[in-house]
file input.cif (mmCIF, C-alpha atoms)
data_start
#
loop_
_atom_site.label_atom_id
_atom_site.label_comp_id
_atom_site.auth_asym_id
_atom_site.auth_seq_id
_atom_site.Cartn_x
_atom_site.Cartn_y
_atom_site.Cartn_z
CA MET A 825 10.75 65.75 -85.17
CA ASP A 826 8.56 68.85 -85.54
CA LYS A 827 5.68 68.77 -83.02
CA ASP A 828 3.11 69.55 -85.75
CA LEU A 829 4.34 66.65 -87.87
CA SER A 830 4.43 64.33 -84.87
CA SER A 831 0.72 64.78 -84.12
CA ASP A 832 -0.16 64.38 -87.81
CA LEU A 833 1.83 61.17 -88.09
CA THR A 834 0.52 59.50 -84.95
CA SER A 835 -3.16 60.35 -85.17
CA ASP A 836 -6.00 58.47 -86.78
CA TRP A 837 -7.85 60.21 -89.55
CA PRO A 838 -10.91 62.10 -88.26
CA VAL A 839 -14.16 60.17 -88.57
CA ASN A 840 -16.59 63.01 -89.23
CA VAL A 841 -15.35 65.51 -91.77
CA PRO A 842 -17.60 68.51 -92.36
CA VAL A 843 -16.86 70.43 -95.54
CA LYS A 844 -15.78 74.04 -95.88
CA ARG A 845 -17.74 75.64 -98.73
CA CYS A 846 -16.38 75.69 -102.26
CA GLY A 847 -19.06 77.32 -104.37
CA THR A 848 -21.53 74.54 -103.64
CA SER A 849 -23.21 72.73 -100.77
CA ILE A 850 -21.91 69.18 -100.59
CA THR A 851 -21.67 66.58 -97.89
CA LEU A 852 -18.36 64.80 -97.65
CA ASN A 853 -18.96 62.42 -94.77
CA ALA A 854 -19.37 59.43 -97.09
CA SER A 855 -16.51 56.96 -97.04
CA PRO A 856 -15.21 57.40 -100.63
CA GLU A 857 -15.09 61.20 -100.37
CA ARG A 858 -13.45 61.03 -96.97
CA LEU A 859 -10.80 58.56 -98.11
CA VAL A 860 -10.00 60.64 -101.19
CA GLY A 861 -9.83 63.90 -99.23
CA LEU A 862 -7.75 62.58 -96.38
CA GLY A 863 -5.54 60.53 -98.69
CA PHE A 864 -4.92 63.66 -100.77
CA ARG A 865 -4.16 65.66 -97.63
CA CYS A 866 -1.74 63.08 -96.28
CA TRP A 867 0.09 62.57 -99.58
CA VAL A 868 0.39 66.32 -100.24
CA ARG A 869 1.79 66.77 -96.70
CA GLY A 870 4.43 64.14 -97.50
CA VAL A 871 5.36 65.90 -100.74
CA GLN A 872 5.50 69.31 -99.06
CA THR A 873 7.58 68.17 -96.09
CA ASN A 874 9.63 65.63 -98.02
CA ASP A 875 8.74 63.18 -95.25
CA THR A 876 8.00 59.70 -96.58
CA ARG A 877 6.31 58.70 -93.31
CA PHE A 878 3.19 60.49 -94.55
CA PHE A 879 3.10 58.17 -97.55
CA ASP A 880 3.33 55.22 -95.14
CA VAL A 881 0.47 56.60 -93.00
CA CYS A 882 -1.66 57.04 -96.10
CA SER A 883 -0.83 53.58 -97.42
CA ARG A 884 -1.71 52.02 -94.05
CA GLN A 885 -5.09 53.77 -94.05
CA TYR A 886 -5.81 52.56 -97.59
CA ILE A 887 -4.70 49.01 -96.74
CA GLN A 888 -7.04 49.03 -93.71
CA ALA A 889 -9.90 50.21 -95.91
CA PHE A 890 -9.28 48.06 -99.03
CA GLY A 891 -6.98 45.19 -98.07
CA LEU A 892 -3.30 44.76 -98.88
CA LYS A 893 -3.35 44.49 -102.68
CA ASP A 894 -6.05 47.07 -103.45
CA GLY A 895 -4.78 49.41 -100.71
CA LEU A 896 -1.27 49.46 -102.16
CA VAL A 897 -2.53 49.88 -105.72
CA LEU A 898 -4.83 52.75 -104.72
CA SER A 899 -2.22 54.53 -102.60
CA THR A 900 0.23 54.27 -105.52
CA LYS A 901 -2.36 55.75 -107.91
CA LEU A 902 -3.14 58.45 -105.35
CA GLY A 903 0.57 59.28 -105.16
CA SER A 904 0.89 59.47 -108.93
CA TRP A 905 -2.07 61.87 -109.07
CA VAL A 906 -0.73 64.14 -106.31
CA ASN A 907 2.75 64.11 -107.84
CA ALA A 908 1.31 65.07 -111.25
CA LEU A 909 -0.55 68.00 -109.67
CA ASP A 910 2.50 69.09 -107.70
CA LYS A 911 4.74 68.87 -110.76
CA ILE A 912 2.77 71.44 -112.78
CA SER A 913 1.31 73.56 -109.99
CA LYS A 914 2.10 77.26 -110.17
CA ARG A 915 1.35 77.68 -106.45
CA PRO A 916 1.56 75.60 -103.27
CA ILE A 917 -1.38 73.25 -102.73
CA LYS A 918 -3.18 74.31 -99.55
CA ILE A 919 -4.19 71.58 -97.15
CA GLU A 920 -5.24 71.31 -93.53
CA LYS A 921 -3.33 69.41 -90.84
CA ILE A 922 -4.10 65.69 -90.88
CA VAL A 923 -6.08 65.89 -87.63
CA THR A 924 -8.10 68.98 -88.61
CA PRO A 925 -11.78 68.31 -89.30
CA GLY A 926 -13.08 69.84 -92.50
CA PHE A 927 -11.40 70.29 -95.84
CA SER A 928 -9.59 73.24 -97.38
CA TYR A 929 -10.62 74.71 -100.73
CA ASP A 930 -7.92 72.69 -102.55
CA GLU A 931 -8.96 69.49 -100.78
CA VAL A 932 -12.61 69.97 -101.79
CA VAL A 933 -11.49 70.67 -105.37
CA ALA A 934 -9.36 67.48 -105.31
CA ILE A 935 -12.35 65.41 -104.17
CA SER A 936 -14.41 67.09 -106.90
CA MET A 937 -11.76 66.19 -109.46
CA ILE A 938 -12.05 62.47 -108.69
CA ALA A 939 -15.87 62.62 -108.62
CA ALA A 940 -15.79 64.41 -112.00
CA CYS A 941 -13.65 61.61 -113.42
CA GLN A 942 -16.00 58.93 -112.15
CA HIS A 943 -19.09 60.69 -113.52
CA SER A 944 -17.54 61.72 -116.86
CA GLU A 945 -17.82 65.44 -116.14
CA CYS A 946 -14.90 66.63 -118.29
CA PRO A 947 -15.47 70.41 -118.01
CA ALA A 948 -15.63 70.10 -114.21
CA LEU A 949 -12.47 67.95 -114.21
CA LYS A 950 -10.56 70.55 -116.23
CA ALA A 951 -11.83 73.37 -114.00
CA CYS A 952 -10.72 71.46 -110.90
CA VAL A 953 -7.22 70.78 -112.25
CA TYR A 954 -6.84 74.44 -113.19
CA ALA A 955 -8.20 75.62 -109.82
CA ILE A 956 -5.55 73.65 -107.92
CA THR A 957 -2.59 74.18 -110.25
CA GLU A 958 -3.30 77.45 -112.10
CA ALA A 959 -1.41 75.78 -114.95
CA ALA A 960 -2.39 75.71 -118.61
CA GLU A 961 -1.02 72.23 -119.34
CA ILE A 962 -3.32 69.89 -117.43
CA ASP A 963 -3.12 66.60 -119.35
CA LEU A 964 -0.83 64.72 -116.93
CA PRO A 965 -2.93 65.41 -113.80
CA GLN A 966 -6.13 64.62 -115.71
CA LEU A 967 -4.79 61.21 -116.73
CA ALA A 968 -3.49 60.48 -113.23
CA ALA A 969 -6.81 61.56 -111.68
CA GLN A 970 -8.71 59.30 -114.07
CA ASP A 971 -6.43 56.37 -113.23
CA PHE A 972 -7.00 56.89 -109.49
CA ALA A 973 -10.76 57.37 -110.00
CA ASP A 974 -10.93 54.15 -112.06
CA GLY A 975 -9.01 52.31 -109.34
CA LEU A 976 -11.57 53.48 -106.79
CA VAL A 977 -14.39 52.25 -109.04
CA ASP A 978 -12.66 48.86 -109.26
CA ALA A 979 -12.56 48.82 -105.44
CA GLY A 980 -16.30 49.62 -105.29
CA GLN A 981 -15.81 53.23 -104.17
CA ILE A 982 -18.01 55.60 -106.15
CA LEU A 983 -18.05 59.24 -105.11
CA GLN A 984 -21.40 61.02 -105.13
CA ILE A 985 -22.11 63.18 -108.17
CA ASN A 986 -23.01 66.03 -105.83
CA SER A 987 -19.39 65.94 -104.62
CA ILE A 988 -18.47 67.83 -107.78
CA ALA A 989 -17.94 71.47 -106.80
CA GLN A 990 -17.79 74.37 -109.21
CA PRO A 991 -14.37 75.72 -108.25
CA LEU A 992 -14.15 78.55 -110.76
CA THR A 993 -17.56 80.14 -110.29
CA HIS A 994 -15.92 83.09 -108.56
CA LEU A 995 -14.07 83.82 -111.83
CA ALA A 996 -17.25 84.05 -113.90
CA ALA A 997 -17.83 87.57 -115.13
CA GLU A 998 -21.10 89.37 -114.75
CA PRO A 999 -23.02 89.49 -118.04
CA THR A 1000 -22.10 92.49 -120.10
CA HIS A 1001 -25.00 94.58 -121.35
CA PHE A 1002 -24.53 96.40 -124.59
CA PRO A 1003 -26.79 99.25 -125.69
CA ASN A 1004 -29.13 98.40 -128.55
#
call {"tool": "encode", "arguments": {"input": "input.cif", "output": "structure tokens"}}
result
Amino acid sequence: MDKDLSSDLTSDWPVNVPVKRCGTSITLNASPERLVGLGFRCWVRGVQTNDTRFFDVCSRQYIQAFGLKDGLVLSTKLGSWVNALDKISKRPIKIEKIVTPGFSYDEVVAISMIAACQHSECPALKACVYAITEAAEIDLPQLAAQDFADGLVDAGQILQINSIAQPLTHLAAEPTHFPN
């Protein structure tokens, strides 16, 4: 087994997770944000390495947090969401190692996507899906994200509204001034 993968698979998820900036100042130390971010990271790592042990690690963490039934349901919904993003993505999703504190840009955007679903912020949701995938057809990941977000609500896990980043602000053009 690859040494990098070995340490990722045998470690516990970090407890304190400071955020790397993503066009906003947000705190992601709260439990729902942390579980979404680290679950996303772990599931994406499994997809990228084709190593199902990452799915098992993620499922175990969710079962510890939510109990057997809810943990399995949520990890399945998480997997469906990540798979939908991966299926349409025009570029590799960038994540940190499991044991790395902090979140990458794509991880922050993923957390924002779920928060946007929970707080009915459709424009932010669409911007987040596009920021991660760079794909025009975003319906499948939006539906999967909403399903996962709803599952978290059912489990009593509401992400903070200030967890919604503005991932595409760097693409906004400066106002154009036309002569009178």
call {"tool": "atom_distance", "arguments": {"input": "input.cif", "atom1": "atom CA of Thr924 of chain A", "atom2": "atom CA of Leu898 of chain A"}}
result
23.1 Å
call {"tool": "resolve_selection", "arguments": {"input": "input.cif", "expression": "the PyMOL selection byres ((chain A and resi 862-872) around 9)", "output": "PyMOL selection string"}}
result
chain A and resi 832+837-838+857-861+873-879+881-883+885-886+899+902-903+905-907+910+916-922+927+931+934-935
call {"tool": "write_last_selection", "arguments": {"input": "input.cif", "atoms": "C-alpha atoms", "output": "PDB file, keeping the file's coordinate frame"}}
result
ATOM      1  CA  ASP A 832      -0.160  64.380 -87.810  1.00  0.00           C
ATOM      2  CA  TRP A 837      -7.850  60.210 -89.550  1.00  0.00           C
ATOM      3  CA  PRO A 838     -10.910  62.100 -88.260  1.00  0.00           C
ATOM      4  CA  GLU A 857     -15.090  61.200-100.370  1.00  0.00           C
ATOM      5  CA  ARG A 858     -13.450  61.030 -96.970  1.00  0.00           C
ATOM      6  CA  LEU A 859     -10.800  58.560 -98.110  1.00  0.00           C
ATOM      7  CA  VAL A 860     -10.000  60.640-101.190  1.00  0.00           C
ATOM      8  CA  GLY A 861      -9.830  63.900 -99.230  1.00  0.00           C
ATOM      9  CA  THR A 873       7.580  68.170 -96.090  1.00  0.00           C
ATOM     10  CA  ASN A 874       9.630  65.630 -98.020  1.00  0.00           C
ATOM     11  CA  ASP A 875       8.740  63.180 -95.250  1.00  0.00           C
ATOM     12  CA  THR A 876       8.000  59.700 -96.580  1.00  0.00           C
ATOM     13  CA  ARG A 877       6.310  58.700 -93.310  1.00  0.00           C
ATOM     14  CA  PHE A 878       3.190  60.490 -94.550  1.00  0.00           C
ATOM     15  CA  PHE A 879       3.100  58.170 -97.550  1.00  0.00           C
ATOM     16  CA  VAL A 881       0.470  56.600 -93.000  1.00  0.00           C
ATOM     17  CA  CYS A 882      -1.660  57.040 -96.100  1.00  0.00           C
ATOM     18  CA  SER A 883      -0.830  53.580 -97.420  1.00  0.00           C
ATOM     19  CA  GLN A 885      -5.090  53.770 -94.050  1.00  0.00           C
ATOM     20  CA  TYR A 886      -5.810  52.560 -97.590  1.00  0.00           C
ATOM     21  CA  SER A 899      -2.220  54.530-102.600  1.00  0.00           C
ATOM     22  CA  LEU A 902      -3.140  58.450-105.350  1.00  0.00           C
ATOM     23  CA  GLY A 903       0.570  59.280-105.160  1.00  0.00           C
ATOM     24  CA  TRP A 905      -2.070  61.870-109.070  1.00  0.00           C
ATOM     25  CA  VAL A 906      -0.730  64.140-106.310  1.00  0.00           C
ATOM     26  CA  ASN A 907       2.750  64.110-107.840  1.00  0.00           C
ATOM     27  CA  ASP A 910       2.500  69.090-107.700  1.00  0.00           C
ATOM     28  CA  PRO A 916       1.560  75.600-103.270  1.00  0.00           C
ATOM     29  CA  ILE A 917      -1.380  73.250-102.730  1.00  0.00           C
ATOM     30  CA  LYS A 918      -3.180  74.310 -99.550  1.00  0.00           C
ATOM     31  CA  ILE A 919      -4.190  71.580 -97.150  1.00  0.00           C
ATOM     32  CA  GLU A 920      -5.240  71.310 -93.530  1.00  0.00           C
ATOM     33  CA  LYS A 921      -3.330  69.410 -90.840  1.00  0.00           C
ATOM     34  CA  ILE A 922      -4.100  65.690 -90.880  1.00  0.00           C
ATOM     35  CA  PHE A 927     -11.400  70.290 -95.840  1.00  0.00           C
ATOM     36  CA  GLU A 931      -8.960  69.490-100.780  1.00  0.00           C
ATOM     37  CA  ALA A 934      -9.360  67.480-105.310  1.00  0.00           C
ATOM     38  CA  ILE A 935     -12.350  65.410-104.170  1.00  0.00           C
TER      39      ILE A 935
END
call {"tool": "closest_atom_pairs", "arguments": {"input": "input.cif", "of": "segment 867-975 of chain A", "to": "segment 981-984 of chain A", "cutoff": "8 Å", "atoms": "only C-alpha atoms", "output": "CSV"}}
result
residue,atom,partner,partner_atom,distance
A:Ile938,CA,A:Leu983,CA,7.7
A:Ala939,CA,A:Leu983,CA,5.3
A:Gln942,CA,A:Ile982,CA,7.2
call {"tool": "residues_around", "arguments": {"input": "input.cif", "residues": "Gln970 of chain A", "least_positions_apart": "3", "cutoff": "9 Å", "atoms": "all atoms listed in the file", "output": "short mmCIF file (atom, residue, chain, number, x, y, z; two decimals) with C-alpha atoms, in the frame of the given file"}}
result
data_model
loop_
_atom_site.label_atom_id
_atom_site.label_comp_id
_atom_site.auth_asym_id
_atom_site.auth_seq_id
_atom_site.Cartn_x
_atom_site.Cartn_y
_atom_site.Cartn_z
CA TRP A 905 -2.07 61.87 -109.07
CA MET A 937 -11.76 66.19 -109.46
CA ILE A 938 -12.05 62.47 -108.69
CA ALA A 940 -15.79 64.41 -112.00
CA CYS A 941 -13.65 61.61 -113.42
CA GLN A 942 -16.00 58.93 -112.15
CA PRO A 965 -2.93 65.41 -113.80
CA GLN A 966 -6.13 64.62 -115.71
CA LEU A 967 -4.79 61.21 -116.73
CA ALA A 973 -10.76 57.37 -110.00
CA ASP A 974 -10.93 54.15 -112.06
CA GLY A 975 -9.01 52.31 -109.34
#
call {"tool": "closest_residue", "arguments": {"input": "input.cif", "among": "A:Leu964, A:Val897, A:Leu892, A:Val932", "to": "Ser913 of chain A", "atoms": "only C-alpha atoms"}}
result
A:Leu964
call {"tool": "closest_residue", "arguments": {"input": "input.cif", "among": "A:Gln990, A:Ser855, A:Gln888, A:Thr900", "to": "Pro947 of chain A", "atoms": "all atoms listed in the file"}}
result
A:Gln990
call {"tool": "build_atoms", "arguments": {"input": "input.cif", "residues": "segment 902-931 of chain A", "atoms": "N, CA and C atoms", "output": "CSV table (one decimal), keeping the file's coordinate frame"}}
result
chain,number,residue,atom,x,y,z
A,902,LEU,N,-3.0,57.2,-106.0
A,902,LEU,CA,-3.1,58.4,-105.4
A,902,LEU,C,-1.8,59.3,-105.4
A,903,GLY,N,-0.7,58.6,-105.1
A,903,GLY,CA,0.6,59.3,-105.2
A,903,GLY,C,0.9,59.8,-106.5
A,904,SER,N,0.6,59.0,-107.6
A,904,SER,CA,0.9,59.5,-108.9
A,904,SER,C,0.1,60.7,-109.3
A,905,TRP,N,-1.2,60.7,-108.8
A,905,TRP,CA,-2.1,61.9,-109.1
A,905,TRP,C,-1.6,63.1,-108.4
A,906,VAL,N,-1.2,63.0,-107.1
A,906,VAL,CA,-0.7,64.1,-106.3
A,906,VAL,C,0.6,64.6,-106.9
A,907,ASN,N,1.5,63.7,-107.3
A,907,ASN,CA,2.8,64.1,-107.8
A,907,ASN,C,2.6,64.8,-109.2
A,908,ALA,N,1.6,64.4,-110.0
A,908,ALA,CA,1.3,65.1,-111.2
A,908,ALA,C,0.8,66.5,-111.0
A,909,LEU,N,-0.1,66.7,-110.0
A,909,LEU,CA,-0.6,68.0,-109.7
A,909,LEU,C,0.6,68.9,-109.2
A,910,ASP,N,1.4,68.3,-108.3
A,910,ASP,CA,2.5,69.1,-107.7
A,910,ASP,C,3.5,69.5,-108.8
A,911,LYS,N,3.7,68.6,-109.7
A,911,LYS,CA,4.7,68.9,-110.8
A,911,LYS,C,4.4,70.1,-111.6
A,912,ILE,N,3.1,70.3,-111.9
A,912,ILE,CA,2.8,71.4,-112.8
A,912,ILE,C,2.2,72.6,-112.0
A,913,SER,N,2.0,72.5,-110.7
A,913,SER,CA,1.3,73.6,-110.0
A,913,SER,C,2.1,74.8,-110.0
A,914,LYS,N,1.5,75.9,-110.2
A,914,LYS,CA,2.1,77.3,-110.2
A,914,LYS,C,2.1,77.9,-108.8
A,915,ARG,N,1.4,77.2,-107.8
A,915,ARG,CA,1.4,77.7,-106.4
A,915,ARG,C,1.3,76.5,-105.5
A,916,PRO,N,1.6,76.7,-104.2
A,916,PRO,CA,1.6,75.6,-103.3
A,916,PRO,C,0.1,75.1,-103.1
A,917,ILE,N,-0.1,73.8,-103.0
A,917,ILE,CA,-1.4,73.2,-102.7
A,917,ILE,C,-1.7,73.5,-101.2
A,918,LYS,N,-2.8,74.0,-100.9
A,918,LYS,CA,-3.2,74.3,-99.6
A,918,LYS,C,-4.0,73.2,-99.0
A,919,ILE,N,-3.5,72.7,-97.9
A,919,ILE,CA,-4.2,71.6,-97.2
A,919,ILE,C,-4.3,71.9,-95.7
A,920,GLU,N,-5.1,71.2,-95.0
A,920,GLU,CA,-5.2,71.3,-93.5
A,920,GLU,C,-4.3,70.3,-92.9
A,921,LYS,N,-4.1,70.4,-91.6
A,921,LYS,CA,-3.3,69.4,-90.8
A,921,LYS,C,-4.1,68.1,-90.9
A,922,ILE,N,-3.4,67.0,-90.8
A,922,ILE,CA,-4.1,65.7,-90.9
A,922,ILE,C,-5.2,65.6,-89.9
A,923,VAL,N,-5.1,66.1,-88.7
A,923,VAL,CA,-6.1,65.9,-87.6
A,923,VAL,C,-7.2,66.9,-87.7
A,924,THR,N,-7.1,67.9,-88.5
A,924,THR,CA,-8.1,69.0,-88.6
A,924,THR,C,-9.4,68.5,-89.3
A,925,PRO,N,-10.5,68.7,-88.6
A,925,PRO,CA,-11.8,68.3,-89.3
A,925,PRO,C,-12.1,69.4,-90.4
A,926,GLY,N,-12.8,68.9,-91.4
A,926,GLY,CA,-13.1,69.8,-92.5
A,926,GLY,C,-12.0,69.8,-93.6
A,927,PHE,N,-12.3,70.3,-94.7
A,927,PHE,CA,-11.4,70.3,-95.8
A,927,PHE,C,-11.1,71.7,-96.3
A,928,SER,N,-9.9,71.9,-96.8
A,928,SER,CA,-9.6,73.2,-97.4
A,928,SER,C,-10.2,73.3,-98.8
A,929,TYR,N,-10.2,74.5,-99.4
A,929,TYR,CA,-10.6,74.7,-100.7
A,929,TYR,C,-10.0,73.7,-101.7
A,930,ASP,N,-8.6,73.6,-101.6
A,930,ASP,CA,-7.9,72.7,-102.6
A,930,ASP,C,-8.3,71.2,-102.3
A,931,GLU,N,-8.6,70.9,-101.1
A,931,GLU,CA,-9.0,69.5,-100.8
A,931,GLU,C,-10.4,69.2,-101.3
